[in-house]
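Shown next: my_file_22.cif, containing mmCIF, C-alpha atoms.
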data_run
loop_
_atom_site.label_atom_id
_atom_site.label_comp_id
_atom_site.auth_asym_id
_atom_site.auth_seq_id
_atom_site.Cartn_x
_atom_site.Cartn_y
_atom_site.Cartn_z
CA MET A 251 -59.05 5.92 93.21
CA ASN A 252 -60.18 3.36 90.68
CA LEU A 253 -58.02 1.66 88.08
CA SER A 254 -59.08 3.83 85.16
CA LYS A 255 -58.12 6.95 87.08
CA VAL A 256 -54.71 5.47 87.85
CA PHE A 257 -54.31 4.60 84.16
CA SER A 258 -55.30 8.11 83.06
CA LYS A 259 -52.74 9.55 85.45
CA ALA A 260 -50.14 7.32 83.83
CA ILE A 261 -51.04 8.67 80.39
CA ILE A 262 -50.45 12.26 81.47
CA THR A 263 -46.70 12.09 81.67
CA SER A 264 -45.47 15.64 82.27
CA PRO A 265 -46.17 17.41 85.59
CA GLU A 266 -47.37 20.52 83.72
CA ARG A 267 -50.02 18.49 81.98
CA GLN A 268 -50.98 16.97 85.32
CA GLN A 269 -51.38 20.39 86.90
CA GLU A 270 -53.38 21.54 83.91
CA ALA A 271 -55.63 18.49 84.15
CA ASP A 272 -56.21 19.07 87.87
CA ALA A 273 -57.08 22.74 87.27
CA ASP A 274 -59.48 21.76 84.50
CA PHE A 275 -61.14 19.20 86.72
CA CYS A 276 -61.80 21.88 89.35
CA ILE A 277 -63.51 24.06 86.71
CA VAL A 278 -65.51 21.08 85.47
CA LYS A 279 -66.68 20.43 89.03
CA GLU A 280 -67.85 24.04 89.22
CA VAL A 281 -69.82 23.69 85.99
CA GLN A 282 -71.30 20.41 87.20
CA SER A 283 -72.45 22.07 90.40
CA GLY A 284 -74.41 24.65 88.39
CA ASN A 285 -71.98 27.49 87.64
CA VAL A 286 -72.49 27.50 83.87
CA ALA A 287 -70.36 30.61 83.39
CA ALA A 288 -67.28 28.67 84.51
CA PHE A 289 -67.40 26.80 81.22
CA ASP A 290 -66.28 30.02 79.49
CA LYS A 291 -62.87 29.62 81.11
CA LEU A 292 -62.52 26.25 79.43
CA ILE A 293 -63.66 27.68 76.09
CA LEU A 294 -61.10 30.49 76.33
CA LYS A 295 -58.38 28.07 77.27
CA TYR A 296 -58.93 25.49 74.59
CA ARG A 297 -60.60 27.24 71.65
CA GLU A 298 -57.39 27.92 69.73
CA ARG A 299 -55.96 24.45 70.23
CA LEU A 300 -59.23 22.83 69.28
CA PHE A 301 -59.55 25.11 66.28
CA GLY A 302 -56.01 24.14 65.24
CA VAL A 303 -56.75 20.42 65.37
CA ILE A 304 -60.01 20.69 63.45
CA TYR A 305 -58.56 23.14 60.94
CA ASN A 306 -55.68 20.83 60.12
CA LEU A 307 -58.08 17.95 59.63
CA THR A 308 -60.54 19.77 57.41
CA ALA A 309 -58.37 22.50 55.77
CA ASN A 310 -61.44 24.71 55.67
CA ARG A 311 -61.82 27.65 58.04
CA GLU A 312 -65.64 27.96 57.80
CA ASP A 313 -66.23 24.28 58.55
CA THR A 314 -63.64 24.49 61.32
CA ALA A 315 -65.45 27.34 63.06
CA ASP A 316 -68.74 25.41 63.01
CA LEU A 317 -67.16 22.16 64.13
CA THR A 318 -65.27 23.83 66.97
CA GLN A 319 -68.49 25.39 68.21
CA ASP A 320 -70.30 22.06 67.91
CA ALA A 321 -67.57 20.32 69.88
CA PHE A 322 -67.85 22.86 72.69
CA ILE A 323 -71.64 22.58 72.71
CA LYS A 324 -71.46 18.78 72.87
CA ALA A 325 -68.95 18.98 75.71
CA PHE A 326 -71.18 21.46 77.52
CA GLN A 327 -74.26 19.27 77.10
CA SER A 328 -72.55 16.19 78.43
CA ILE A 329 -70.32 17.78 81.05
CA ASN A 330 -72.25 16.02 83.80
CA ARG A 331 -71.08 12.70 82.42
CA PHE A 332 -67.42 13.67 82.74
CA GLN A 333 -66.11 11.85 85.79
CA GLY A 334 -62.42 12.57 85.56
CA ASN A 335 -61.41 9.16 84.25
CA CYS A 336 -59.20 10.98 81.77
CA SER A 337 -58.02 14.57 81.56
CA PHE A 338 -60.56 17.14 80.41
CA PHE A 339 -58.56 18.16 77.38
CA THR A 340 -58.27 14.50 76.21
CA TRP A 341 -62.02 14.18 76.61
CA LEU A 342 -62.63 17.43 74.74
CA TYR A 343 -60.22 16.38 71.98
CA LYS A 344 -62.03 13.08 71.69
CA ILE A 345 -65.33 14.90 71.17
CA ALA A 346 -63.76 17.31 68.67
CA VAL A 347 -61.99 14.58 66.71
CA ASN A 348 -65.09 12.38 66.58
CA THR A 349 -67.27 15.32 65.47
CA THR A 350 -64.75 16.19 62.76
CA LEU A 351 -64.33 12.63 61.58
CA SER A 352 -68.07 12.12 61.22
CA HIS A 353 -68.27 15.44 59.32
CA LEU A 354 -65.44 14.35 57.01
CA ARG A 355 -67.06 10.99 56.38
CA LYS A 356 -70.37 12.65 55.54
CA ASN A 357 -68.77 15.15 53.18
CA ARG A 358 -66.12 12.91 51.69
CA LEU A 359 -66.70 14.15 48.18
CA ARG A 360 -67.06 17.83 49.04
CA SER A 361 -63.62 19.15 49.85
CA PHE A 362 -62.22 22.57 49.15
CA PHE A 363 -59.56 24.57 50.91
CA SER A 364 -59.99 27.91 52.59
CA LEU A 365 -56.80 28.58 54.42
CA GLU A 366 -55.69 30.92 57.15
CA LYS A 367 -52.67 33.14 56.65
CA ILE A 368 -49.41 31.94 58.19
CA GLN A 369 -48.60 34.17 61.17
CA GLU A 370 -44.89 34.85 61.08
CA ASP A 371 -43.51 34.85 64.58
CA GLY A 372 -40.18 33.92 66.15
CA ALA A 373 -40.38 30.14 65.90
CA ASN A 374 -41.61 30.10 62.33
CA ALA A 375 -39.41 32.89 61.04
CA GLU A 376 -36.33 30.69 61.14
CA ILE A 377 -37.96 27.87 59.18
CA LEU A 378 -39.37 30.32 56.68
CA GLU A 379 -35.94 31.87 56.31
CA GLN A 380 -34.50 28.45 55.54
CA LEU A 381 -37.23 27.65 53.07
CA THR A 382 -37.00 30.77 50.96
CA ASP A 383 -34.38 33.34 50.12
CA LYS A 384 -36.86 35.46 48.23
CA ARG A 385 -38.34 38.71 49.49
CA GLY A 386 -41.51 40.74 49.06
CA ALA A 387 -44.27 39.52 46.74
CA ASP A 388 -42.27 36.52 45.53
CA ARG A 389 -41.87 35.31 49.06
CA ASP A 390 -45.60 35.59 49.75
CA THR A 391 -46.43 33.70 46.55
CA TYR A 392 -43.92 31.01 47.43
CA LEU A 393 -45.33 30.65 50.93
CA ARG A 394 -48.87 30.46 49.60
CA GLU A 395 -47.82 27.73 47.18
CA LEU A 396 -46.03 25.83 49.94
CA GLN A 397 -49.07 26.11 52.18
CA GLU A 398 -51.38 24.81 49.46
CA LYS A 399 -49.06 21.92 48.60
CA LEU A 400 -48.77 20.95 52.25
CA ASN A 401 -52.52 21.01 52.68
CA GLU A 402 -53.01 19.01 49.50
CA ALA A 403 -50.54 16.41 50.72
CA LEU A 404 -52.25 16.23 54.09
CA GLN A 405 -55.65 15.82 52.47
CA LYS A 406 -54.32 12.93 50.38
CA LEU A 407 -53.67 11.01 53.59
CA SER A 408 -56.44 8.83 54.97
CA ILE A 409 -58.46 10.32 57.84
CA PRO A 410 -56.80 8.24 60.62
CA HIS A 411 -53.29 8.98 59.31
CA ARG A 412 -54.09 12.68 59.01
CA THR A 413 -55.52 12.74 62.52
CA VAL A 414 -52.45 11.06 64.01
CA ILE A 415 -49.93 13.35 62.33
CA THR A 416 -51.97 16.43 63.18
CA LEU A 417 -52.24 15.52 66.84
CA PHE A 418 -48.59 14.53 67.13
CA GLU A 419 -46.71 17.07 65.05
CA ILE A 420 -48.97 20.09 65.20
CA ASP A 421 -50.66 19.68 68.54
CA ASP A 422 -47.80 18.01 70.46
CA LEU A 423 -49.83 15.21 71.96
CA SER A 424 -47.98 12.10 73.15
CA HIS A 425 -48.48 8.66 71.60
CA ALA A 426 -50.48 7.55 74.63
CA GLU A 427 -52.75 10.58 74.49
CA ILE A 428 -53.37 10.11 70.76
CA ALA A 429 -54.11 6.44 71.36
CA GLU A 430 -56.69 7.42 73.97
CA VAL A 431 -58.27 10.10 71.79
CA MET A 432 -58.48 7.80 68.78
CA GLY A 433 -59.34 4.64 70.69
CA CYS A 434 -56.50 2.54 69.28
CA SER A 435 -53.21 1.13 70.54
CA GLU A 436 -49.95 3.06 70.79
CA GLY A 437 -48.40 0.69 68.26
CA THR A 438 -51.07 1.63 65.73
CA VAL A 439 -50.39 5.31 66.40
CA ARG A 440 -46.65 4.82 65.82
CA SER A 441 -47.13 2.88 62.60
CA ARG A 442 -49.63 5.42 61.25
CA LEU A 443 -47.27 8.24 62.14
CA HIS A 444 -44.37 6.55 60.38
CA TYR A 445 -46.41 5.93 57.26
CA ALA A 446 -47.81 9.47 57.21
CA LYS A 447 -44.33 11.02 57.52
CA GLN A 448 -42.96 8.86 54.74
CA PHE A 449 -45.86 9.82 52.53
CA LEU A 450 -45.45 13.53 53.23
CA GLN A 451 -41.71 13.27 52.63
CA GLY A 452 -42.46 11.84 49.20
CA GLU A 453 -45.06 14.48 48.41
CA MET A 454 -43.10 17.47 49.70
CA GLY A 455 -39.72 16.35 48.40
CA LYS A 456 -39.40 19.52 46.32
CA TYR A 457 -39.55 21.73 49.39
CA ILE A 458 -37.44 19.67 51.74
CA ARG A 459 -33.81 20.68 51.58
CA SER A 460 -31.54 17.75 52.50
CA MET B 1357 -17.25 28.00 54.58
CA PRO B 1358 -18.15 28.36 58.26
CA GLU B 1359 -20.75 25.99 59.64
CA SER B 1360 -23.10 28.78 60.77
CA HIS B 1361 -23.68 29.92 57.17
CA GLN B 1362 -24.64 26.47 55.89
CA PRO B 1363 -28.36 26.09 55.16
CA ARG B 1364 -30.09 24.02 57.82
CA LYS B 1365 -31.97 20.90 56.74
CA VAL B 1366 -35.70 21.43 56.40
CA SER B 1367 -37.64 18.33 57.36
CA VAL B 1368 -41.29 17.31 57.16
CA GLU B 1369 -41.57 18.12 60.86
CA ASP B 1370 -40.46 21.71 60.16
CA LEU B 1371 -43.05 22.07 57.44
CA LEU B 1372 -45.74 20.71 59.72
CA ARG B 1373 -44.65 23.10 62.43
CA LEU B 1374 -45.48 25.88 60.01
CA LYS B 1375 -49.07 24.71 60.14
CA ARG B 1376 -49.21 25.77 63.77
CA ALA B 1377 -48.81 29.31 62.56
CA GLU B 1378 -51.97 29.16 60.45
CA ARG B 1379 -54.14 30.94 62.95
CA PRO B 1380 -57.13 33.22 62.61
CA GLY B 1381 -56.87 36.83 63.71
CA PRO B 1382 -58.47 38.38 66.85
CA GLU B 1383 -61.52 39.65 64.90
CA PHE B 1384 -62.40 36.05 64.08
CA TRP B 1385 -62.54 35.13 67.77
CA ALA B 1386 -65.00 37.91 68.50
CA SER B 1387 -67.54 36.58 66.01
CA PHE B 1388 -66.74 33.01 67.09
CA GLU B 1389 -67.58 33.81 70.69
CA HIS B 1390 -70.79 35.54 69.71
CA GLU B 1391 -71.97 32.54 67.64
CA LEU B 1392 -70.94 30.09 70.32
CA ARG B 1393 -72.84 32.02 72.96
CA GLN B 1394 -76.00 31.85 70.83
CA LYS B 1395 -75.58 28.13 70.27
CA GLN B 1396 -74.96 27.60 73.96
CA LEU B 1397 -78.16 29.42 74.88
CA THR B 1398 -80.12 27.39 72.34
CA ALA B 1399 -78.68 24.21 73.81
CA LEU B 1400 -79.70 25.34 77.30
CA MET B 1401 -83.23 26.12 76.17
CA GLN B 1402 -83.70 22.88 74.28
CA LYS B 1403 -85.50 20.24 76.25
CA ARG B 1404 -84.14 16.83 75.57
CA SER B 1405 -86.57 14.04 74.82
CA TRP B 1406 -86.58 11.00 77.10
CA TRP B 1407 -85.43 8.70 74.29
CA GLN B 1408 -82.30 10.76 73.72
CA GLY B 1409 -81.05 9.65 77.10
CA VAL B 1410 -81.56 5.94 76.46
CA PRO B 1411 -78.24 5.35 74.67
CA GLN B 1412 -76.46 7.09 77.53
CA ILE B 1413 -77.95 4.64 80.00
CA PHE B 1414 -76.57 1.80 77.93
CA ALA B 1415 -73.26 3.57 77.43
CA ARG B 1416 -72.70 3.79 81.15
CA ARG B 1417 -71.74 0.95 83.39
CA ALA B 1418 -74.97 -0.92 82.88
CA TYR B 1419 -73.62 -3.59 80.59
CA VAL B 1420 -73.01 -6.24 83.25
CA PRO B 1421 -76.28 -5.87 85.24
CA LEU B 1422 -78.33 -5.64 82.05
CA GLY B 1423 -76.63 -8.67 80.56
CA ALA B 1424 -77.15 -10.64 83.77
CA ALA B 1425 -80.83 -9.60 83.89
CA ALA B 1426 -81.33 -10.64 80.26
CA ILE B 1427 -79.74 -14.04 80.86
CA LEU B 1428 -81.83 -14.57 84.00
CA THR B 1429 -85.06 -13.62 82.20
CA PHE B 1430 -84.24 -15.92 79.31
CA THR B 1431 -83.51 -18.78 81.70
CA LEU B 1432 -86.76 -18.29 83.64
CA ILE B 1433 -88.83 -18.13 80.46
CA SER B 1434 -87.19 -21.20 79.01
CA ILE B 1435 -87.76 -23.12 82.27
CA LYS B 1436 -91.40 -22.11 82.38
CA TYR B 1437 -92.26 -23.02 78.81
CA SER B 1438 -90.11 -26.05 78.27
CA THR B 1439 -91.49 -29.60 78.75
CA PRO B 1440 -89.60 -31.84 81.14
CA LEU B 1441 -86.97 -33.98 79.55
CA GLN B 1442 -88.28 -37.45 78.80
CA VAL B 1443 -85.80 -40.22 79.06
CA ALA B 1444 -86.66 -43.29 77.03
CA GLN B 1445 -86.88 -46.21 79.38
CA VAL B 1446 -86.06 -49.55 77.90
CA GLU B 1447 -87.20 -52.52 79.85
CA PRO B 1448 -84.50 -55.09 80.50
CA LEU B 1449 -84.61 -58.08 78.31
CA PRO B 1450 -85.45 -61.39 79.90
CA ARG B 1451 -82.62 -63.83 80.00
CA CYS B 1452 -82.75 -66.53 77.45
CA GLY B 1453 -81.60 -70.11 77.53
CA LEU B 1454 -78.99 -71.87 75.43
CA ARG B 1455 -81.57 -73.27 73.06
CA ALA B 1456 -83.05 -69.89 72.38
CA LYS B 1457 -79.61 -68.49 71.76
CA ARG B 1458 -78.86 -71.18 69.20
CA ARG B 1459 -82.14 -70.46 67.53
CA LEU B 1460 -81.32 -66.80 67.50
CA HIS B 1461 -77.98 -67.37 65.78
CA ARG B 1462 -79.67 -69.64 63.26
CA LEU B 1463 -82.11 -66.85 62.61
CA ARG B 1464 -79.30 -64.47 61.85
CA ARG B 1465 -78.27 -66.60 58.87
CA TRP B 1466 -81.49 -65.62 57.16
CA PRO B 1467 -80.84 -63.05 54.48
CA SER B 1468 -83.68 -60.85 55.69
CA VAL B 1469 -82.26 -60.56 59.21
CA ARG B 1470 -78.59 -60.47 58.37
CA ARG B 1471 -78.36 -56.75 58.65
CA CYS B 1472 -80.11 -56.62 62.05
CA SER B 1473 -78.09 -56.75 65.24
CA ILE B 1474 -78.77 -59.51 67.75
CA THR B 1475 -79.99 -56.98 70.29
CA ALA B 1476 -82.49 -55.61 67.81
CA ILE B 1477 -83.87 -59.07 67.07
CA LYS B 1478 -84.04 -59.82 70.78
CA ARG B 1479 -85.88 -56.63 71.55
CA HIS B 1480 -88.20 -57.10 68.66
CA SER B 1481 -89.05 -60.61 69.64
CA ALA B 1482 -89.58 -59.56 73.21
CA TRP B 1483 -91.91 -56.82 72.09
CA MET B 1484 -93.89 -59.24 69.93
CA THR B 1485 -94.27 -61.80 72.65
CA GLY B 1486 -95.26 -59.10 75.15
CA LEU B 1487 -92.14 -59.65 77.24
CA ARG B 1488 -93.74 -62.59 78.93
CA SER B 1489 -91.22 -65.08 77.65
CA TRP B 1490 -88.33 -64.46 75.41
CA ARG B 1491 -88.41 -66.57 72.29
CA PRO B 1492 -86.91 -65.81 68.93
CA VAL B 1493 -89.59 -65.20 66.40
CA CYS B 1494 -89.32 -66.20 62.79
CA PRO B 1495 -87.96 -63.15 60.96
CA SER B 1496 -90.44 -63.27 58.17
CA ARG B 1497 -93.29 -63.32 60.64
CA MET B 1498 -91.52 -60.69 62.65
CA LEU B 1499 -91.32 -58.38 59.67
CA ALA B 1500 -94.87 -59.04 58.62
CA TRP B 1501 -96.17 -58.27 62.07
CA SER B 1502 -93.99 -55.30 62.56
CA ALA B 1503 -95.14 -53.86 59.28
CA ARG B 1504 -98.75 -54.33 60.36
CA LEU B 1505 -98.37 -53.27 63.94
CA GLN B 1506 -95.76 -50.62 63.30
CA CYS B 1507 -93.25 -51.90 65.73
CA PRO B 1508 -91.28 -49.09 67.40
CA MET B 1509 -88.15 -51.19 67.44
CA ILE B 1510 -87.97 -51.44 63.70
CA ARG B 1511 -88.37 -47.71 63.44
CA LEU B 1512 -85.76 -47.07 66.08
CA ASN B 1513 -83.11 -49.47 64.86
CA HIS B 1514 -83.47 -49.19 61.13
CA ARG B 1515 -84.26 -46.21 59.02
CA ARG B 1516 -86.02 -48.44 56.56
CA PRO B 1517 -87.24 -51.98 57.10
CA VAL B 1518 -84.84 -54.63 55.95
CA LEU B 1519 -87.55 -56.55 54.15
CA SER B 1520 -90.97 -55.31 53.44
CA ARG B 1521 -92.82 -58.57 53.11
CA PRO B 1522 -92.15 -62.24 53.61
CA THR B 1523 -91.85 -64.66 50.72
CA TRP B 1524 -93.51 -68.06 50.36
CA PRO B 1525 -90.35 -70.11 50.63
CA THR B 1526 -89.69 -68.36 53.95
CA TRP B 1527 -93.01 -69.60 55.27
CA ASN B 1528 -92.25 -73.10 54.05
CA ASN B 1529 -88.90 -73.09 55.75
CA ARG B 1530 -90.49 -71.94 58.95
CA ASN B 1531 -92.99 -74.76 58.83
CA GLN B 1532 -90.23 -77.28 58.22
CA SER B 1533 -88.10 -76.00 61.07
CA SER B 1534 -90.94 -75.94 63.57
#
Would you put the structure from the file into structure tokens?
Amino acid sequence: MNLSKVFSKAIITSPERQQEADADFCIVKEVQSGNVAAFDKLILKYRERLFGVIYNLTANREDTADLTQDAFIKAFQSINRFQGNCSFFTWLYKIAVNTTLSHLRKNRLRSFFSLEKIQEDGANAEILEQLTDKRGADRDTYLRELQEKLNEALQKLSIPHRTVITLFEIDDLSHAEIAEVMGCSEGTVRSRLHYAKQFLQGEMGKYIRS
Amino acid sequence: MPESHQPRKVSVEDLLRLKRAERPGPEFWASFEHELRQKQLTALMQKRSWWQGVPQIFARRAYVPLGAAAILTFTLISIKYSTPLQVAQVEPLPRCGLRAKRRLHRLRRWPSVRRCSITAIKRHSAWMTGLRSWRPVCPSRMLAWSARLQCPMIRLNHRRPVLSRPTWPTWNNRNQSS
């Protein structure tokens, strides 16, 4: 086992993630040996997570769909180059984030929101309950407004800051994993995260009940 | 008021967690899969040009061997086309006697030679006398000859000649001294 593989193992901290990475590597080996259909398993497994990351970076559902597809196609085209030096999902995230960042840089001036509806399930219901006492149409309007304000605040952040906070808070990646995806140090990730949270706190002060 | 009825603090993290719930419905995934399948097939059918693979070759672990090969090639080319290094060989000066030394120091009092070092005068005189015998040469004659013969010493030791031409009193002095 070479040094980079040892290092990548160190990045994946939890045993669940390790198991997941090992399972992914088996599927990747299958695809590399010629079983193209095995790639569908990876698409099914990661499409929602990848969509989530890209959606929170672009705040546009049409662009997100295209970029997610592009990321999967790029991963599929270069799957033979994947040698297991890092986990598959980190590699896939890296492709997706780079694709999105280059798209955002190209279309810096063209930005408009097209948002998904918030799915109210168990985990979110409690937060939503805390946020609003209203019911019916008022509640929906309030939620829509909150969603728009949150997206506006996120879009005001610079691309690296937005990427870090999206990967950490929304996608639950560790500092080390974000550092690997973004190609920067963990210290940079922490400082960006701190700045982004402070900024959002300032922007969303009206909605944060303290 | 009991603690359970108090409103819980809502933080930025809570708001961001709400973003996880912004998900598309199942009908979206059906069309997504269909489009992705088409793109995948197109990607499979597309034949990649040879030049598209070039950056990948460089991106792999070829940095060290390629760098070493480039350095080696550069070294070989530079060895082949470079001329051998020529070291200037200066012939040793013949030893001079006490009388010649005195004459040399007298010569240095001359205003035209004052700025020249003793070694430069020695070398110049040796060059003028063809290294057969070392004798200090009159500076005015030295300068006149060197200007005519383009002495390498003058060019090496001084950017510009100290004096361009001798003066008549210099000649007279020389005649008196000899």
*Select residues of chain B: the criterion is any atom within 10 Å of an atom of chain A, counting only C-alpha atoms; output as a PyMOL selection string.*
chain B and resi 1363-1381+1384-1385+1387-1389+1391-1393+1395-1400+1412+1416
*Using atom CA of A:Val281 and atom CA of A:Cys336 as the two end points, give the distance in Å to one decimal.*
17.1 Å
_Distance of atom CA of A:Lys356 from atom CA of A:Trp341, expressed in Å to one decimal place_ =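 Going from atom CA of A:Trp341 over to atom CA of A:Lys356, I get 22.7 Å.
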*asked:* Please list as a list in words every residue within 10 Å of stretch 345-347 of chain A, counting all atoms listed in the file and excluding residues in the same chain fewer than 2 positions away.
replied: Leu300, Phe301, Val303, Ile304, Leu307, Leu317, Thr318, Gln319, Asp320, Ala321, Phe322, Lys324, Ala325, Phe339, Thr340, Trp341, Leu342, Tyr343, Thr349, Thr350, Leu351, Ser352, His353, Thr413, Leu417, Val431 and Met432 of chain A
Enclose stretch 424-431 of chain A, meaning all of its atoms listed in the file, in a box aligned along x, y and z, pad it by 6 Å on each side, and list the centre and edge lengths in Å to one decimal, as lines of an AutoDock Vina configuration file.
center_x = -53.1
center_y = 9.3
center_z = 72.7
size_x = 22.3
size_y = 17.7
size_z = 15.9
*List the residues sitting within 12 Å of (-49.9, 4.4, 70.9) in the file's frame, using only C-alpha atoms, as a ChimeraX atom specification.*
/A:261,414,418,423-443
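Distance-wise, atom CA of A:Asn357 and atom CA of A:Leu407 end up 15.7 Å apart.
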